[in-house]
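With CSV, C-alpha atoms and all ligand atoms inside, this is work_30.csv:
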```
chain,number,residue,atom,x,y,z
A,41,MET,CA,-14.1,6.1,83.3
A,42,SER,CA,-14.5,2.7,84.8
A,43,MET,CA,-11.5,0.5,85.7
A,44,LYS,CA,-13.2,-2.4,83.9
A,45,SER,CA,-14.3,-2.8,80.3
A,46,SER,CA,-17.9,-2.6,79.3
A,47,PRO,CA,-19.5,-4.5,76.3
A,48,THR,CA,-18.8,-1.4,74.1
A,49,THR,CA,-15.4,0.0,75.4
A,50,TYR,CA,-12.1,-0.9,77.0
A,51,GLY,CA,-11.7,0.0,80.7
A,52,ALA,CA,-8.9,2.2,82.2
A,53,VAL,CA,-6.7,-0.7,83.3
A,54,ALA,CA,-6.8,-2.4,79.9
A,55,VAL,CA,-6.2,0.9,78.1
A,56,SER,CA,-3.3,1.9,80.5
A,57,ILE,CA,-1.6,-1.5,80.2
A,58,HIS,CA,-2.0,-1.5,76.4
A,59,TRP,CA,-0.5,1.9,75.7
A,60,LEU,CA,2.3,1.7,78.3
A,61,SER,CA,3.3,-1.7,76.9
A,62,ALA,CA,3.1,-0.4,73.3
A,63,LEU,CA,5.4,2.5,74.2
A,64,LEU,CA,7.9,0.3,75.9
A,65,ILE,CA,7.9,-2.3,73.1
A,66,VAL,CA,8.6,0.4,70.5
A,67,GLY,CA,11.5,1.5,72.7
A,68,LEU,CA,12.7,-2.1,73.0
A,69,LEU,CA,12.6,-2.7,69.2
A,70,VAL,CA,14.6,0.5,68.6
A,71,SER,CA,17.1,0.1,71.5
A,72,GLY,CA,17.6,-3.6,70.6
A,73,MET,CA,18.5,-2.8,67.0
A,74,LEU,CA,20.8,0.0,68.1
A,75,ALA,CA,22.5,-2.3,70.5
A,76,ASP,CA,22.9,-4.9,67.8
A,77,ASP,CA,24.2,-2.3,65.3
A,78,THR,CA,26.8,-0.4,67.4
A,79,GLY,CA,30.4,-1.4,67.2
A,80,ASP,CA,31.3,0.5,70.4
A,81,PRO,CA,31.2,-1.7,73.6
A,82,ALA,CA,30.6,1.2,76.0
A,83,THR,CA,27.6,2.4,73.9
A,84,LYS,CA,26.3,-1.2,73.7
A,85,ALA,CA,26.6,-1.5,77.5
A,86,ARG,CA,24.7,1.8,78.0
A,87,ILE,CA,21.9,0.8,75.7
A,88,LEU,CA,21.5,-2.7,77.1
A,89,SER,CA,21.5,-1.3,80.7
A,90,ALA,CA,18.2,0.4,79.7
A,91,HIS,CA,17.0,-2.3,77.3
A,92,ALA,CA,17.0,-5.1,79.9
A,93,PRO,CA,14.9,-3.4,82.6
A,94,MET,CA,12.5,-2.1,79.9
A,95,GLY,CA,12.1,-5.8,78.7
A,96,ILE,CA,11.4,-6.9,82.3
A,97,ALA,CA,8.9,-4.2,82.8
A,98,VAL,CA,7.1,-5.3,79.6
A,99,LEU,CA,7.2,-8.9,80.9
A,100,LEU,CA,5.6,-7.9,84.2
A,101,LEU,CA,2.9,-5.7,82.4
A,102,THR,CA,2.1,-8.7,80.1
A,103,LEU,CA,1.7,-11.1,83.1
A,104,ALA,CA,-0.5,-8.5,84.8
A,105,ARG,CA,-2.5,-8.1,81.6
A,106,ILE,CA,-3.0,-11.9,81.3
A,107,VAL,CA,-4.2,-12.1,85.0
A,108,TRP,CA,-6.4,-9.0,84.5
A,109,TRP,CA,-8.2,-10.5,81.5
A,110,TRP,CA,-8.4,-14.0,82.9
A,111,ARG,CA,-9.7,-13.2,86.4
A,112,LEU,CA,-11.1,-9.7,86.5
A,113,ASP,CA,-12.3,-8.2,83.2
A,114,SER,CA,-14.0,-9.3,79.9
A,115,HIS,CA,-13.2,-8.0,76.4
A,116,PRO,CA,-15.8,-5.7,74.8
A,117,ALA,CA,-17.9,-7.4,72.1
A,118,PRO,CA,-16.4,-7.1,68.6
A,119,LEU,CA,-17.8,-4.2,66.6
A,120,ALA,CA,-20.7,-5.2,64.4
A,121,GLY,CA,-20.2,-5.2,60.6
A,122,ASP,CA,-16.6,-6.6,60.4
A,123,PRO,CA,-16.3,-9.7,58.2
A,124,SER,CA,-15.6,-12.8,60.3
A,125,TRP,CA,-12.2,-13.4,58.7
A,126,GLN,CA,-11.1,-9.9,60.0
A,127,MET,CA,-12.3,-10.7,63.5
A,128,LYS,CA,-10.5,-14.1,63.4
A,129,ALA,CA,-7.3,-12.4,62.1
A,130,ALA,CA,-7.5,-9.7,64.9
A,131,ARG,CA,-7.9,-12.4,67.6
A,132,ALA,CA,-5.0,-14.4,66.1
A,133,VAL,CA,-2.7,-11.3,65.9
A,134,HIS,CA,-3.5,-10.4,69.5
A,135,GLY,CA,-2.7,-14.0,70.7
A,136,LEU,CA,0.5,-14.0,68.7
A,137,LEU,CA,1.5,-10.6,70.2
A,138,TYR,CA,1.2,-12.1,73.7
A,139,ILE,CA,3.2,-15.2,72.7
A,140,VAL,CA,6.0,-13.3,70.9
A,141,VAL,CA,6.3,-10.7,73.7
A,142,LEU,CA,6.6,-13.4,76.3
A,143,GLY,CA,9.2,-15.3,74.1
A,144,MET,CA,11.2,-12.1,73.7
A,145,ALA,CA,11.3,-11.4,77.4
A,146,ALA,CA,12.2,-15.1,78.2
A,147,SER,CA,15.0,-15.3,75.5
A,148,GLY,CA,16.4,-11.9,76.5
A,149,ILE,CA,16.6,-12.9,80.2
A,150,GLY,CA,18.1,-16.3,79.1
A,151,LEU,CA,20.7,-14.4,77.0
A,152,PHE,CA,21.6,-12.1,79.9
A,153,VAL,CA,22.0,-15.0,82.4
A,154,LEU,CA,23.8,-17.5,80.2
A,155,SER,CA,26.3,-14.9,78.7
A,156,GLY,CA,27.1,-13.4,82.1
A,157,ALA,CA,26.0,-9.9,80.7
A,158,GLY,CA,23.5,-9.5,83.6
A,159,ALA,CA,26.3,-10.0,86.2
A,160,ILE,CA,28.6,-7.5,84.3
A,161,LEU,CA,26.0,-4.8,83.8
A,162,PHE,CA,24.1,-5.1,87.1
A,163,GLY,CA,26.2,-7.3,89.5
A,164,GLY,CA,29.6,-5.5,89.3
A,165,ALA,CA,31.3,-8.6,87.6
A,166,PRO,CA,34.3,-7.6,85.5
A,167,GLY,CA,33.8,-7.0,81.8
A,168,PRO,CA,34.0,-6.9,78.8
A,169,LEU,CA,30.6,-7.8,77.4
A,170,PRO,CA,30.4,-11.2,75.8
A,171,ASP,CA,29.7,-11.8,72.1
A,172,PHE,CA,25.9,-12.6,72.3
A,173,ALA,CA,26.1,-14.6,69.0
A,174,ASP,CA,27.9,-17.3,71.0
A,175,PHE,CA,24.7,-18.0,73.1
A,176,ALA,CA,21.7,-20.0,71.9
A,177,PRO,CA,18.9,-17.6,73.0
A,178,ARG,CA,20.3,-14.9,70.6
A,179,VAL,CA,18.7,-16.8,67.7
A,180,PRO,CA,15.1,-16.8,68.9
A,181,HIS,CA,15.6,-13.2,70.2
A,182,GLY,CA,16.6,-12.1,66.7
A,183,ILE,CA,13.8,-14.0,64.9
A,184,GLY,CA,11.2,-12.9,67.5
A,185,ALA,CA,12.3,-9.3,67.0
A,186,LYS,CA,11.4,-9.5,63.3
A,187,LEU,CA,8.2,-11.3,63.9
A,188,LEU,CA,7.2,-8.7,66.6
A,189,ALA,CA,8.0,-5.8,64.2
A,190,ALA,CA,5.8,-7.5,61.5
A,191,LEU,CA,2.9,-8.1,64.0
A,192,PHE,CA,3.2,-4.5,65.2
A,193,ILE,CA,3.0,-3.1,61.7
A,194,GLY,CA,0.0,-5.4,60.9
A,195,HIS,CA,-1.8,-4.6,64.2
A,196,ALA,CA,-1.2,-0.8,64.2
A,197,GLY,CA,-2.0,-0.7,60.4
A,198,ALA,CA,-5.3,-2.4,61.0
A,199,ALA,CA,-6.2,0.0,63.8
A,200,LEU,CA,-5.4,3.0,61.7
A,201,TYR,CA,-7.4,1.5,58.8
A,202,HIS,CA,-10.4,1.2,61.1
A,203,HIS,CA,-9.9,4.8,62.3
A,204,PHE,CA,-9.2,6.6,59.1
A,205,VAL,CA,-10.8,4.5,56.4
A,206,LYS,CA,-13.7,2.7,58.0
A,207,ARG,CA,-14.1,5.6,60.5
A,208,ASP,CA,-15.4,3.2,63.2
A,209,ALA,CA,-14.9,3.2,67.0
A,210,THR,CA,-12.1,0.5,67.1
A,211,LEU,CA,-9.3,3.0,68.0
A,212,LYS,CA,-11.5,5.3,70.1
A,213,ARG,CA,-12.6,2.6,72.4
A,214,MET,CA,-9.0,1.7,73.2
A,215,TRP,CA,-8.6,5.1,74.7
A,216,PHE,CA,-9.7,6.9,77.9
A,217,SER,CA,-13.3,7.8,77.5
A,218,ARG,CA,-14.9,10.5,79.6
B,301,LIG,C1,9.5,-7.7,74.9
B,301,LIG,C2,10.8,-7.6,75.3
B,301,LIG,C3,12.0,-7.4,74.3
B,301,LIG,C4,12.0,-6.9,73.0
B,301,LIG,C5,10.9,-6.5,72.1
B,301,LIG,C6,13.4,-6.9,72.6
B,301,LIG,C7,13.9,-6.5,71.4
B,301,LIG,C8,15.2,-6.7,71.0
B,301,LIG,C9,15.7,-6.4,69.6
B,301,LIG,C10,14.8,-5.8,68.5
B,301,LIG,C11,17.0,-6.7,69.5
B,301,LIG,C12,17.9,-6.6,68.3
B,301,LIG,C13,17.7,-8.0,67.6
B,301,LIG,C14,18.4,-8.0,66.2
B,301,LIG,O1,18.6,-7.0,65.6
B,301,LIG,O2,18.7,-9.2,65.8
B,301,LIG,C15,17.4,-7.2,70.9
B,301,LIG,C16,18.6,-7.6,71.2
B,301,LIG,C17,19.0,-7.9,72.5
B,301,LIG,N1,18.2,-7.9,73.6
B,301,LIG,FE1,16.2,-7.6,73.7
B,301,LIG,N2,14.2,-7.4,73.7
B,301,LIG,C18,13.3,-7.6,74.7
B,301,LIG,C19,13.7,-8.1,76.0
B,301,LIG,C20,15.0,-8.2,76.4
B,301,LIG,C21,15.4,-8.5,77.8
B,301,LIG,C22,14.4,-8.7,79.0
B,301,LIG,C23,16.8,-8.6,77.8
B,301,LIG,C24,17.7,-8.9,78.9
B,301,LIG,C25,17.4,-9.1,80.2
B,301,LIG,C26,17.2,-8.4,76.4
B,301,LIG,C27,18.6,-8.4,76.0
B,301,LIG,C28,19.0,-8.3,74.7
B,301,LIG,C29,20.3,-8.5,74.3
B,301,LIG,C30,21.5,-9.0,75.2
B,301,LIG,C31,20.4,-8.3,72.9
B,301,LIG,C32,21.6,-8.5,71.9
B,301,LIG,C33,22.3,-7.3,71.6
B,301,LIG,C34,23.4,-7.6,70.6
B,301,LIG,O3,23.4,-8.7,70.0
B,301,LIG,O4,24.3,-6.8,70.5
B,301,LIG,N3,16.1,-8.1,75.6
B,301,LIG,N4,16.3,-7.1,71.7
B,302,LIG,C1,3.7,-3.7,70.1
B,302,LIG,C2,2.8,-2.9,70.6
B,302,LIG,C3,1.4,-3.4,70.8
B,302,LIG,C4,0.9,-4.6,71.4
B,302,LIG,C5,1.8,-5.7,72.0
B,302,LIG,C6,-0.5,-4.5,71.3
B,302,LIG,C7,-1.3,-5.6,71.8
B,302,LIG,C8,-2.7,-5.6,71.7
B,302,LIG,C9,-3.6,-6.6,72.2
B,302,LIG,C10,-3.0,-7.9,72.9
B,302,LIG,C11,-4.8,-6.2,72.1
B,302,LIG,C12,-6.1,-7.0,72.5
B,302,LIG,C13,-6.6,-6.4,73.8
B,302,LIG,C14,-5.8,-7.0,75.0
B,302,LIG,O1,-5.5,-8.2,75.0
B,302,LIG,O2,-5.4,-6.1,75.9
B,302,LIG,C15,-4.8,-4.9,71.4
B,302,LIG,C16,-5.9,-4.2,71.1
B,302,LIG,C17,-5.9,-3.0,70.4
B,302,LIG,N1,-4.7,-2.4,69.9
B,302,LIG,FE1,-2.8,-2.9,70.3
B,302,LIG,N2,-0.9,-3.4,70.7
B,302,LIG,C18,0.2,-2.7,70.4
B,302,LIG,C19,0.3,-1.4,69.7
B,302,LIG,C20,-0.8,-0.8,69.2
B,302,LIG,C21,-0.8,0.4,68.4
B,302,LIG,C22,0.5,1.2,68.0
B,302,LIG,C23,-2.1,0.7,68.0
B,302,LIG,C24,-2.7,1.9,67.2
B,302,LIG,C25,-2.1,2.5,66.2
B,302,LIG,C26,-3.0,-0.3,68.7
B,302,LIG,C27,-4.3,-0.3,68.6
B,302,LIG,C28,-5.2,-1.2,69.2
B,302,LIG,C29,-6.6,-1.2,69.2
B,302,LIG,C30,-7.4,-0.1,68.5
B,302,LIG,C31,-7.1,-2.3,69.9
B,302,LIG,C32,-8.5,-2.8,70.1
B,302,LIG,C33,-8.8,-3.7,69.0
B,302,LIG,C34,-10.2,-4.3,69.1
B,302,LIG,O3,-11.1,-3.8,69.8
B,302,LIG,O4,-10.5,-5.4,68.5
B,302,LIG,N3,-2.1,-1.2,69.3
B,302,LIG,N4,-3.5,-4.6,71.2
```

Translate this structure into structure tokens?
Amino acid sequence: MSMKSSPTTYGAVAVSIHWLSALLIVGLLVSGMLADDTGDPATKARILSAHAPMGIAVLLLTLARIVWWWRLDSHPAPLAGDPSWQMKAARAVHGLLYIVVLGMAASGIGLFVLSGAGAILFGGAPGPLPDFADFAPRVPHGIGAKLLAALFIGHAGAALYHHFVKRDATLKRMWFSR
């Protein structure tokens, strides 16, 4: 399989970044909600010690993905036969996924720095963890989480619709071909 995409299929780099990011983002949505839900400070600290590096990994993967598409690779052509509103909706959702993921990473880092949680969990500063609700980036991080979950459902739902109902190559070409 070629590293770069062809007019008909995604290349190995795009496919690897896509699925690794998707896996990490599901982990982030789940771990973020668990951190928010738990009343136990030690559990919250343990969850956030994994949540923060995963978020930074997604940020780096997304920046790499932007550079990859911008400088080194070109998207395959849209599959023939889709109504133009669906192609426009897909493009808009992909663009919003980039924006919301970058916003989540930025607000998460802002929250960690401003609240001092980063210094407590990773810098050996004395605890306890702060109440994150006291810090401004908690608001966009919470709204972004809901928006990202909605985009995720719409995007994955569309992919599954193409695969199981329309039975076209949309999902297959976002996988490793022989
Ligand atoms: C794409 C990246 C990220 C995603 C998808 C994500 C997702 C989430 C979600 C779903 C929540 C729970 C929100 C709620 O229920 O209102 C959350 C909370 C949180 N996240 Fe993230 N996050 C990301 C990046 C980060 C990063 C990079 C950091 C820190 C460096 C971070 C730190 C936090 C903190 C401190 C909370 C608050 C927990 C609480 O209120 O108890 N997040 N995140
Ligand atoms: C939150 C996790 C996800 C994010 C952030 C995401 C993001 C993206 C983006 C930005 C693209 C456009 C290609 C690119 O810029 O690299 C894309 C394409 C695609 N994604 Fe996802 N994705 C996620 C999860 C999923 C899941 C769970 C599925 C399948 C159930 C899926 C199936 C696809 C398919 C089939 C394409 C190709 C669409 C086409 O050719 O028009 N994605 N994804």

Ligand LIG 301 (chain B) neighbours within 9 Å using only C-alpha atoms and all ligand atoms, as an NGL selection string: :A and (61 or 64-79 or 84 or 88-89 or 91-99 or 140-153 or 155 or 157-158 or 171-173 or 178-186 or 188-189)

Let me make sure I understand: among A:Leu154, A:Ala176, A:Ala159, A:Leu200, which one has the smallest atom-to-atom distance to ligand LIG 302 (chain B) if we use all atoms listed in the file?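 For ligand LIG 302 (chain B), the nearest of the given residues is A:Leu200.
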
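Non-sequential neighbours of Leu161 (chain A) (distance at most 9 Å, separation of 4 or more positions within a chain, only C-alpha atoms) are A:Ala85, A:Arg86, A:Leu88, A:Ser89, A:Gly156, A:Ala157, A:Ala165, A:Pro166, A:Gly167, A:Leu169.
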
With distances taken over only C-alpha atoms and all ligand atoms, the candidate from A:Thr210, A:Ser217, A:Thr49, A:Ser56 nearest ligand LIG 302 (chain B) is A:Thr210

For the atom pair CA of Leu119 (chain A) and atom O4 of ligand LIG 302 (chain B), what is the interatomic distance in Å to one decimal place?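 Computing the Euclidean distance for CA of Leu119 (chain A) and atom O4 of ligand LIG 302 (chain B) yields 7.6 Å.
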
Please determine, counting only C-alpha atoms and all ligand atoms, which residue among A:Met41, A:Asp80, A:Pro118, A:Asp113 has the shortest atom-to-atom distance to ligand LIG 302 (chain B). A:Pro118

Which value, in Å to one decimal, gives the distance between CA of Trp215 (chain A) and CA of Ala198 (chain A)?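 Value for the CA of Trp215 (chain A)-CA of Ala198 (chain A) distance: 16.0 Å.
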
Report the distance between atom C18 of ligand LIG 302 (chain B) and CA of Ala62 (chain A) in Å, rounded to one decimal place. 4.7 Å

Nearest candidate to Ala209 (chain A) (options A:Pro116, A:Gly135, A:Gly194, A:Pro123; using all atoms listed in the file):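 For Ala209 (chain A), the nearest of the candidates is A:Pro116.
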
Nearest residue to Ala130 (chain A) out of A:Val205, A:Leu63, A:Ala54, A:Leu191, using all atoms listed in the file?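 Nearest to Ala130 (chain A): A:Leu191.
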
Proximity to ligand LIG 302 (chain B) - best of A:Phe175, A:Trp125, A:Tyr201, A:Phe162, all atoms listed in the file: A:Tyr201

Long-range neighbours of His202 (chain A) as a PyMOL selection string, 12 Å cut-off, only C-alpha atoms, 4 positions minimum in chain: chain A and resi 119+121-122+126+130+195-198+206-213

Once N, CA and C atoms are restored for region 43-74 of chain A, what would the output be as a tab-separated table (two decimals), in the coordinates of the input?
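Resulting contents of rebuild-v7.tsv:
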```tsv
chain	number	residue	atom	x	y	z
A	43	MET	N	-12.76	1.32	85.72
A	43	MET	CA	-11.50	0.50	85.70
A	43	MET	C	-11.71	-0.67	84.71
A	44	LYS	N	-12.94	-1.24	84.72
A	44	LYS	CA	-13.20	-2.40	83.90
A	44	LYS	C	-13.82	-2.08	82.58
A	45	SER	N	-13.70	-3.00	81.63
A	45	SER	CA	-14.30	-2.80	80.30
A	45	SER	C	-15.78	-2.99	80.35
A	46	SER	N	-16.48	-2.40	79.40
A	46	SER	CA	-17.90	-2.60	79.30
A	46	SER	C	-18.11	-3.38	77.94
A	47	PRO	N	-19.34	-3.77	77.60
A	47	PRO	CA	-19.50	-4.50	76.30
A	47	PRO	C	-19.13	-3.61	75.12
A	48	THR	N	-19.05	-2.27	75.30
A	48	THR	CA	-18.80	-1.40	74.10
A	48	THR	C	-17.38	-0.75	74.17
A	49	THR	N	-16.70	-0.70	75.34
A	49	THR	CA	-15.40	0.00	75.40
A	49	THR	C	-14.44	-0.64	76.36
A	50	TYR	N	-13.13	-0.41	76.11
A	50	TYR	CA	-12.10	-0.90	77.00
A	50	TYR	C	-12.07	-0.07	78.29
A	51	GLY	N	-11.78	-0.70	79.44
A	51	GLY	CA	-11.70	0.00	80.70
A	51	GLY	C	-10.30	0.63	80.91
A	52	ALA	N	-10.18	1.45	82.00
A	52	ALA	CA	-8.90	2.20	82.20
A	52	ALA	C	-7.72	1.32	82.42
A	53	VAL	N	-7.91	0.17	83.08
A	53	VAL	CA	-6.70	-0.70	83.30
A	53	VAL	C	-6.23	-1.28	82.02
A	54	ALA	N	-7.17	-1.82	81.21
A	54	ALA	CA	-6.80	-2.40	79.90
A	54	ALA	C	-6.11	-1.38	79.02
A	55	VAL	N	-6.69	-0.16	78.99
A	55	VAL	CA	-6.20	0.90	78.10
A	55	VAL	C	-4.76	1.31	78.60
A	56	SER	N	-4.60	1.48	79.93
A	56	SER	CA	-3.30	1.90	80.50
A	56	SER	C	-2.23	0.85	80.17
A	57	ILE	N	-2.56	-0.42	80.43
A	57	ILE	CA	-1.60	-1.50	80.20
A	57	ILE	C	-1.23	-1.53	78.70
A	58	HIS	N	-2.26	-1.42	77.84
A	58	HIS	CA	-2.00	-1.50	76.40
A	58	HIS	C	-1.06	-0.46	75.91
A	59	TRP	N	-1.31	0.82	76.26
A	59	TRP	CA	-0.50	1.90	75.70
A	59	TRP	C	0.88	2.00	76.34
A	60	LEU	N	0.96	1.67	77.65
A	60	LEU	CA	2.30	1.70	78.30
A	60	LEU	C	3.14	0.55	77.69
A	61	SER	N	2.54	-0.63	77.48
A	61	SER	CA	3.30	-1.70	76.90
A	61	SER	C	3.71	-1.37	75.45
A	62	ALA	N	2.79	-0.76	74.68
A	62	ALA	CA	3.10	-0.40	73.30
A	62	ALA	C	4.30	0.53	73.23
A	63	LEU	N	4.30	1.54	74.12
A	63	LEU	CA	5.40	2.50	74.20
A	63	LEU	C	6.72	1.82	74.49
A	64	LEU	N	6.68	0.97	75.51
A	64	LEU	CA	7.90	0.30	75.90
A	64	LEU	C	8.39	-0.67	74.80
A	65	ILE	N	7.45	-1.32	74.10
A	65	ILE	CA	7.90	-2.30	73.10
A	65	ILE	C	8.50	-1.54	71.87
A	66	VAL	N	7.98	-0.37	71.53
A	66	VAL	CA	8.60	0.40	70.50
A	66	VAL	C	10.06	0.78	70.93
A	67	GLY	N	10.20	1.21	72.19
A	67	GLY	CA	11.50	1.50	72.70
A	67	GLY	C	12.44	0.32	72.72
A	68	LEU	N	11.88	-0.87	72.98
A	68	LEU	CA	12.70	-2.10	73.00
A	68	LEU	C	13.15	-2.46	71.59
A	69	LEU	N	12.24	-2.33	70.60
A	69	LEU	CA	12.60	-2.70	69.20
A	69	LEU	C	13.74	-1.74	68.75
A	70	VAL	N	13.58	-0.45	69.05
A	70	VAL	CA	14.60	0.50	68.60
A	70	VAL	C	15.91	0.30	69.35
A	71	SER	N	15.84	0.21	70.70
A	71	SER	CA	17.10	0.10	71.50
A	71	SER	C	17.79	-1.25	71.17
A	72	GLY	N	17.00	-2.32	70.95
A	72	GLY	CA	17.60	-3.60	70.60
A	72	GLY	C	18.38	-3.54	69.31
A	73	MET	N	17.76	-2.90	68.29
A	73	MET	CA	18.50	-2.80	67.00
A	73	MET	C	19.68	-1.89	67.11
A	74	LEU	N	19.59	-0.83	67.92
A	74	LEU	CA	20.80	0.00	68.10
A	74	LEU	C	21.89	-0.72	68.80
```
